[in-house]
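Okay, structure first, notes after.
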Amino acid sequence: MQISPANFIGFSTSSKGQKTFQSFNPILNQEMEHLFFEATQDEIDATMQLAKKAFPILAQTTGKSRAVFLREIAFLLETKRAALIHQYSLESGLNAERGNVELNRTIWQLETFARTIEQENWDLLQQDEADLARLPNPKPGFKKVAFPLGPFVVFGASNFPFAYSTVGGDTASALAAGCPVIVKSHPMHAGTSNLVAQLVIEAARKTGMPDGTFSHLNAIDFEVGTQLVLHPNTKAVGFTGSFAGGMALQKLAQQRDEPIPVFAEMGSLNPIVILPEAMQQDGEKIALQITNSITQSAGQFCTKPGLLFVLRDNQLDNFLNELKTNFAAVEPQCMLHPNIWKRYNHGRVTISSQENVETSIEVKTEKPNFGTPQISQTDGKTFQQNQKLQEEVFGPHSLLIVCEDISEMQYCIQSLSGQLTASIFTSAEEMKSHSDILFDLQQIAGRIILNGVPTGVEVCDSMHHGGPFPATTDSRFTAVGKDAIWRFLRPISFQNFK
Ligand code: NAP
C-alpha cells in the first residue's frame, strides 16, 4: 500500500493546496518522509457538496447492504494488517501489540454495527396499531422510525489511531446509521489515517455505496476543521480529544445559523476511591493495579485514573511504599507526539507547583517525547479549594488526595465535575454503610467500577462510554458499543402508514 499525499473527496483525489505537512516519528524524534496536502476551502466545499448529494442515496440503502459495506471494510483492514500496524507504530510510538489489540477492536466494532443493522426492522423504534373503531375518535396507526441526521464530520484523537479515528467508533456507527462521513484526519497519524481511508473508499466502491459516502481531508491547522463544522451541509459532528478542542467545536456549532449537535468525547479524571477495609485487605494488590492503569501506554487513555482518594490512616504509609516500589519498576514510555509530551510536562508541573501539593513519586527520564511517570500528593481541603487540581493531565500522572476522614472524602467527591468513570475499592459489608458514596459517584460518572481500574474499556452492548459534562457534551449517549449509533439517528413518526 502506498500513502497518498492527496485529500480523498469521495472516490476522487485532490491536491490543490499550497500548504503541505508531515507527520512525526516520536521515538526517533524526527518528521516522517511523506507529505500531505492540507485541504483548501474549494476542496472542503466540493467535499460537502458531494456529501449532500450522497446522503439521500445512502440513507435509502438497506441496513443489510450497509452491513455488507462495513464487513468489507473490516475484511480489508484485516488483509492489510501488517502495513497498517507498521505505519501506526512509526507515527504513534505505540508498539505492535497495542496496535493489534486496537485494530481487532476496530474490526469488531464494524462487525457489531453490521450485525445491528442487518436485523429486520432494526430502525423501527415503536409501533401503535390503528383502532378505527375507538370512540369518541378513531385512533390512527403510528410507526416511529429512526432516520439518519445527514453528513457527519469526524475528528479523531491521537491516542487511538484506529479505534477512535478514521474508521473508529464514530465513523462506523455513522456509516451504519446511513450518514455520509467526512474525516478531518489527525495530523499526527496522517499516514495511518490515509491508509485506512483508502480501504474505506475501496470498500465503498466494491459494495456499491454512492460517491461521497466517505471523504478524508488532511489538515495541520484548525482552519479545515473549523470550516467543516461551519459548512451548512454538515448536520452533526463527532469529536474525540481534549476539552479545549471539543469546546471550541461545540461553540462553533452553536454559533451557526443552523446549530448542529456536537458529540464531543473529551478528557476525564476517572477518580478512584479506596475505602479503609479494602485498603487493609488488598492494599498491595490495589497499588499494583493502579500503577499499571496509570502508566500503561504512557497513561495516554481517556480512562486513566487521574485522582486517587485515600484516608489518612495507619495503612497510608504501606500503600505509598507499594506505589513507590511499583513505580520504580516502570520503564518510561514514548508518548504519541511532541505536543502531547509538552502538554504533559506542562500539566504535571502545573499540578505539583500548586500550594500544598508535592511530588511524592517520580520516575525521571531525559529522553525526548518519553513521559515521566509521576504521582503528586495533596490533602482533601486543598483539593476542594483549588479548581486547577481538577484539570486532566493526559499522560502517566495521578494526584493522590489524602483525606482526614470519610466525610472529607465525600466532600471531595461531591466537588467533582462530570467523569467518564469512577472506581470504588471496598468490601461488600463496607459498601452497605457507604451507599451514599456510591450515589455521589452515580451523579458524576458514566461508568462505575467496583474493585477494579477504569482502563481496558470492554466493547459490549451494555458498555456506557460517556458521562456528564465536561467528560462529554451529551451524557445521554455512549461512544462505545452498539448504542453509539443512536447519536446519528433522529426519530420520525409515520401516521396512517402500514
Ligand atoms: P486534541 O488535541 O483535542 O485533537 C483532537 C482533534 O481535534 C485533532 O484532529 C485536532 O486537530 C482537532 N482540534 C483540536 N482543537 C481544535 C480546534 N480548536 N479547532 C479545530 N480542531 C481542533 O486531542 P488529542 O491530543 O489528539 O487526544 C488526547 C485527548 O483525547 C485527551 O484529552 C483524552 O482524554 C481525549 N480522549 C477522549 C476519549 C473519550 O472517549 N472521551 C477517547 C480518547 C481520547 P490538530 O491535531 O490539528 O490540533
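Following the order of the C-alpha cells, first chain is A, next is B, and so on, with residues numbered from 1 inside each chain and ligands from 1 in the order they appear.
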>> As a quick test: using only C-alpha atoms and all ligand atoms, which residues lie no more than 8 Å away from ligand 1? Give them as a PyMOL selection string.
In response: chain A and resi 155-160+164+184-188+219-226+239-249+264-268+300-303+339-340+392-394+420+465-466+471-472+479
For the interface of segment 350-403 of chain A with segment 314-332 of chain A (cut-off 10 Å, counting only C-alpha atoms), please tabulate each contacting residue of segment 350-403 of chain A alongside its nearest pair of atoms and their separation in Å to one decimal, rows sorted by chain and increasing number, as a tab-separated table.
residue	atom	partner	partner_atom	distance
A:Ser360	CA	A:Lys324	CA	8.5
A:Ile361	CA	A:Lys324	CA	6.2
A:Glu362	CA	A:Phe327	CA	7.8
A:Val363	CA	A:Ala328	CA	6.6
A:Lys364	CA	A:Pro332	CA	7.9
A:Thr365	CA	A:Pro332	CA	6.8
A:Glu366	CA	A:Pro332	CA	9.8
A:Lys367	CA	A:Pro332	CA	9.0
A:Asn369	CA	A:Pro332	CA	9.9
A:Phe370	CA	A:Pro332	CA	6.1
A:Gly371	CA	A:Pro332	CA	5.9
A:Thr372	CA	A:Pro332	CA	6.0
A:Pro373	CA	A:Pro332	CA	6.6
A:Gln374	CA	A:Phe327	CA	8.3
A:Ile375	CA	A:Leu323	CA	9.0
A:Pro396	CA	A:Pro332	CA	8.9
A:Leu400	CA	A:Leu320	CA	9.6
A:Val402	CA	A:Leu316	CA	8.6
Write the residues you've just listed into a file as a PDB file, in the first residue's frame, and include C-alpha atoms for each of them.
ATOM      1  CA  SER A 360       5.652  12.063  46.051  1.00  0.00           C
ATOM      2  CA  ILE A 361       6.785   9.691  43.260  1.00  0.00           C
ATOM      3  CA  GLU A 362       8.645  10.417  40.044  1.00  0.00           C
ATOM      4  CA  VAL A 363      10.464   8.178  37.508  1.00  0.00           C
ATOM      5  CA  LYS A 364      12.640  10.691  35.686  1.00  0.00           C
ATOM      6  CA  THR A 365      13.673  10.303  32.062  1.00  0.00           C
ATOM      7  CA  GLU A 366      15.713  12.605  29.853  1.00  0.00           C
ATOM      8  CA  LYS A 367      14.600  11.092  26.531  1.00  0.00           C
ATOM      9  CA  ASN A 369       8.948  12.504  23.999  1.00  0.00           C
ATOM     10  CA  PHE A 370       9.205   9.970  26.852  1.00  0.00           C
ATOM     11  CA  GLY A 371       6.779  10.733  29.687  1.00  0.00           C
ATOM     12  CA  THR A 372       7.978  10.842  33.306  1.00  0.00           C
ATOM     13  CA  PRO A 373       5.562   8.729  35.402  1.00  0.00           C
ATOM     14  CA  GLN A 374       4.556  10.792  38.439  1.00  0.00           C
ATOM     15  CA  ILE A 375       2.271  10.833  41.472  1.00  0.00           C
ATOM     16  CA  PRO A 396       1.253   8.846  33.309  1.00  0.00           C
ATOM     17  CA  LEU A 400      -3.270  11.293  45.414  1.00  0.00           C
ATOM     18  CA  VAL A 402      -5.258  12.162  51.389  1.00  0.00           C
TER      19      VAL A 402
END
> Of the residues A:Thr106, A:Thr62, A:Gln250, A:Gln442, which is the one nearest to Trp122 of chain A, using only C-alpha atoms?
Replying inline: A:Thr62
>> Using DSSP assignments from the backbone, pull out every residue in segment 36-266 of chain A that falls under strand (DSSP E or B) and give it to me as number ranges by chain.
In response: A: 36-37, 124-128, 131, 139, 142-148, 152-155, 181-184, 214-217, 236-240, 262-265
Selection export as a short mmCIF file (atom, residue, chain, number, x, y, z; two decimals), in the first residue's frame, atoms kept: N, CA and C atoms:
data_model
loop_
_atom_site.label_atom_id
_atom_site.label_comp_id
_atom_site.auth_asym_id
_atom_site.auth_seq_id
_atom_site.Cartn_x
_atom_site.Cartn_y
_atom_site.Cartn_z
N PHE A 36 1.74 15.66 3.05
CA PHE A 36 0.28 15.68 2.89
C PHE A 36 -0.14 17.09 2.52
N PHE A 37 -1.05 17.18 1.56
CA PHE A 37 -1.56 18.49 1.16
C PHE A 37 -2.76 18.85 2.02
N LEU A 124 -36.89 0.33 13.52
CA LEU A 124 -38.26 0.55 14.00
C LEU A 124 -38.22 0.77 15.51
N LEU A 125 -38.61 1.96 15.95
CA LEU A 125 -38.48 2.29 17.38
C LEU A 125 -39.73 1.91 18.17
N GLN A 126 -40.91 2.26 17.63
CA GLN A 126 -42.17 1.97 18.31
C GLN A 126 -43.25 1.80 17.25
N GLN A 127 -44.30 1.08 17.61
CA GLN A 127 -45.44 0.97 16.68
C GLN A 127 -46.74 0.96 17.47
N ASP A 128 -47.73 1.73 16.99
CA ASP A 128 -49.07 1.72 17.59
C ASP A 128 -50.06 1.32 16.50
N ASP A 131 -56.75 2.00 15.63
CA ASP A 131 -58.01 1.49 16.20
C ASP A 131 -59.12 2.39 15.65
N LYS A 139 -58.49 5.98 16.36
CA LYS A 139 -57.05 6.21 16.59
C LYS A 139 -56.27 5.84 15.33
N PHE A 142 -49.53 4.38 14.04
CA PHE A 142 -48.24 5.10 14.03
C PHE A 142 -47.09 4.11 13.94
N LYS A 143 -46.05 4.58 13.29
CA LYS A 143 -44.81 3.80 13.26
C LYS A 143 -43.68 4.80 13.48
N LYS A 144 -42.91 4.63 14.56
CA LYS A 144 -41.79 5.57 14.81
C LYS A 144 -40.50 4.90 14.35
N VAL A 145 -39.82 5.60 13.41
CA VAL A 145 -38.67 5.00 12.73
C VAL A 145 -37.45 5.91 12.89
N ALA A 146 -36.25 5.30 12.96
CA ALA A 146 -35.01 6.08 13.07
C ALA A 146 -34.52 6.48 11.69
N PHE A 147 -34.10 7.75 11.57
CA PHE A 147 -33.68 8.29 10.27
C PHE A 147 -32.33 9.00 10.46
N PRO A 148 -31.38 8.81 9.51
CA PRO A 148 -30.04 9.40 9.71
C PRO A 148 -30.05 10.93 9.68
N PHE A 152 -21.83 13.94 8.27
CA PHE A 152 -21.31 13.94 9.64
C PHE A 152 -19.78 14.08 9.59
N VAL A 153 -19.25 15.06 10.32
CA VAL A 153 -17.80 15.32 10.32
C VAL A 153 -17.16 14.67 11.55
N VAL A 154 -16.09 13.91 11.33
CA VAL A 154 -15.42 13.18 12.42
C VAL A 154 -14.03 13.76 12.69
N PHE A 155 -13.76 14.05 13.97
CA PHE A 155 -12.42 14.42 14.44
C PHE A 155 -11.96 13.31 15.38
N VAL A 181 -19.80 10.28 5.81
CA VAL A 181 -18.80 10.69 6.81
C VAL A 181 -17.66 11.45 6.15
N ILE A 182 -17.28 12.57 6.77
CA ILE A 182 -16.11 13.33 6.33
C ILE A 182 -15.13 13.30 7.50
N VAL A 183 -13.96 12.68 7.30
CA VAL A 183 -12.98 12.62 8.37
C VAL A 183 -11.99 13.76 8.21
N LYS A 184 -11.83 14.54 9.29
CA LYS A 184 -10.72 15.51 9.35
C LYS A 184 -9.58 14.72 9.96
N PHE A 214 -17.90 8.56 1.88
CA PHE A 214 -16.77 8.75 2.81
C PHE A 214 -15.74 9.67 2.15
N SER A 215 -15.32 10.71 2.85
CA SER A 215 -14.24 11.58 2.37
C SER A 215 -13.22 11.76 3.49
N HIS A 216 -12.02 12.15 3.09
CA HIS A 216 -10.92 12.22 4.06
C HIS A 216 -10.07 13.43 3.72
N LEU A 217 -10.03 14.41 4.63
CA LEU A 217 -9.31 15.66 4.35
C LEU A 217 -8.12 15.82 5.30
N ALA A 236 -23.95 17.09 11.69
CA ALA A 236 -23.54 16.67 13.04
C ALA A 236 -22.02 16.52 13.05
N VAL A 237 -21.46 16.60 14.27
CA VAL A 237 -20.01 16.50 14.43
C VAL A 237 -19.71 15.48 15.53
N GLY A 238 -18.70 14.64 15.28
CA GLY A 238 -18.22 13.72 16.31
C GLY A 238 -16.78 14.08 16.62
N PHE A 239 -16.48 14.27 17.88
CA PHE A 239 -15.13 14.69 18.26
C PHE A 239 -14.64 13.81 19.40
N THR A 240 -13.42 13.31 19.30
CA THR A 240 -12.77 12.65 20.42
C THR A 240 -11.44 13.37 20.63
N VAL A 262 -22.94 18.46 18.48
CA VAL A 262 -21.53 18.02 18.51
C VAL A 262 -21.44 16.97 19.61
N PHE A 263 -21.11 15.76 19.21
CA PHE A 263 -20.93 14.70 20.20
C PHE A 263 -19.44 14.67 20.53
N ALA A 264 -19.06 15.44 21.57
CA ALA A 264 -17.65 15.55 21.92
C ALA A 264 -17.36 14.65 23.12
N GLU A 265 -16.44 13.71 22.89
CA GLU A 265 -15.96 12.83 23.96
C GLU A 265 -14.63 13.40 24.38
#
> Taking the backbone alone, and naming residues the way the document does, which bits of segment 294-463 of chain A are helix (DSSP H, G or I) by DSSP, as JSON, numbers by chain?
Replying inline: {"A": [294, 295, 296, 297, 298, 299, 316, 317, 318, 319, 320, 321, 322, 323, 324, 325, 326, 327, 328, 338, 339, 340, 341, 342, 343, 344, 345, 346, 347, 348, 349, 350, 351, 352, 380, 381, 382, 383, 384, 385, 387, 388, 389, 390, 406, 407, 408, 409, 410, 411, 412, 413, 414, 428, 429, 430, 431, 432, 433, 435, 436, 437, 438, 439, 440, 441, 442, 443, 444]}
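Counting from atom CA of Ser433 of chain A, the distance to atom CA of Leu389 of chain A is 28.8 Å.
Closest to Gly141 of chain A among A:Pro338, A:Ser415, A:Gln377, A:Glu129 is A:Glu129, based on only C-alpha atoms.
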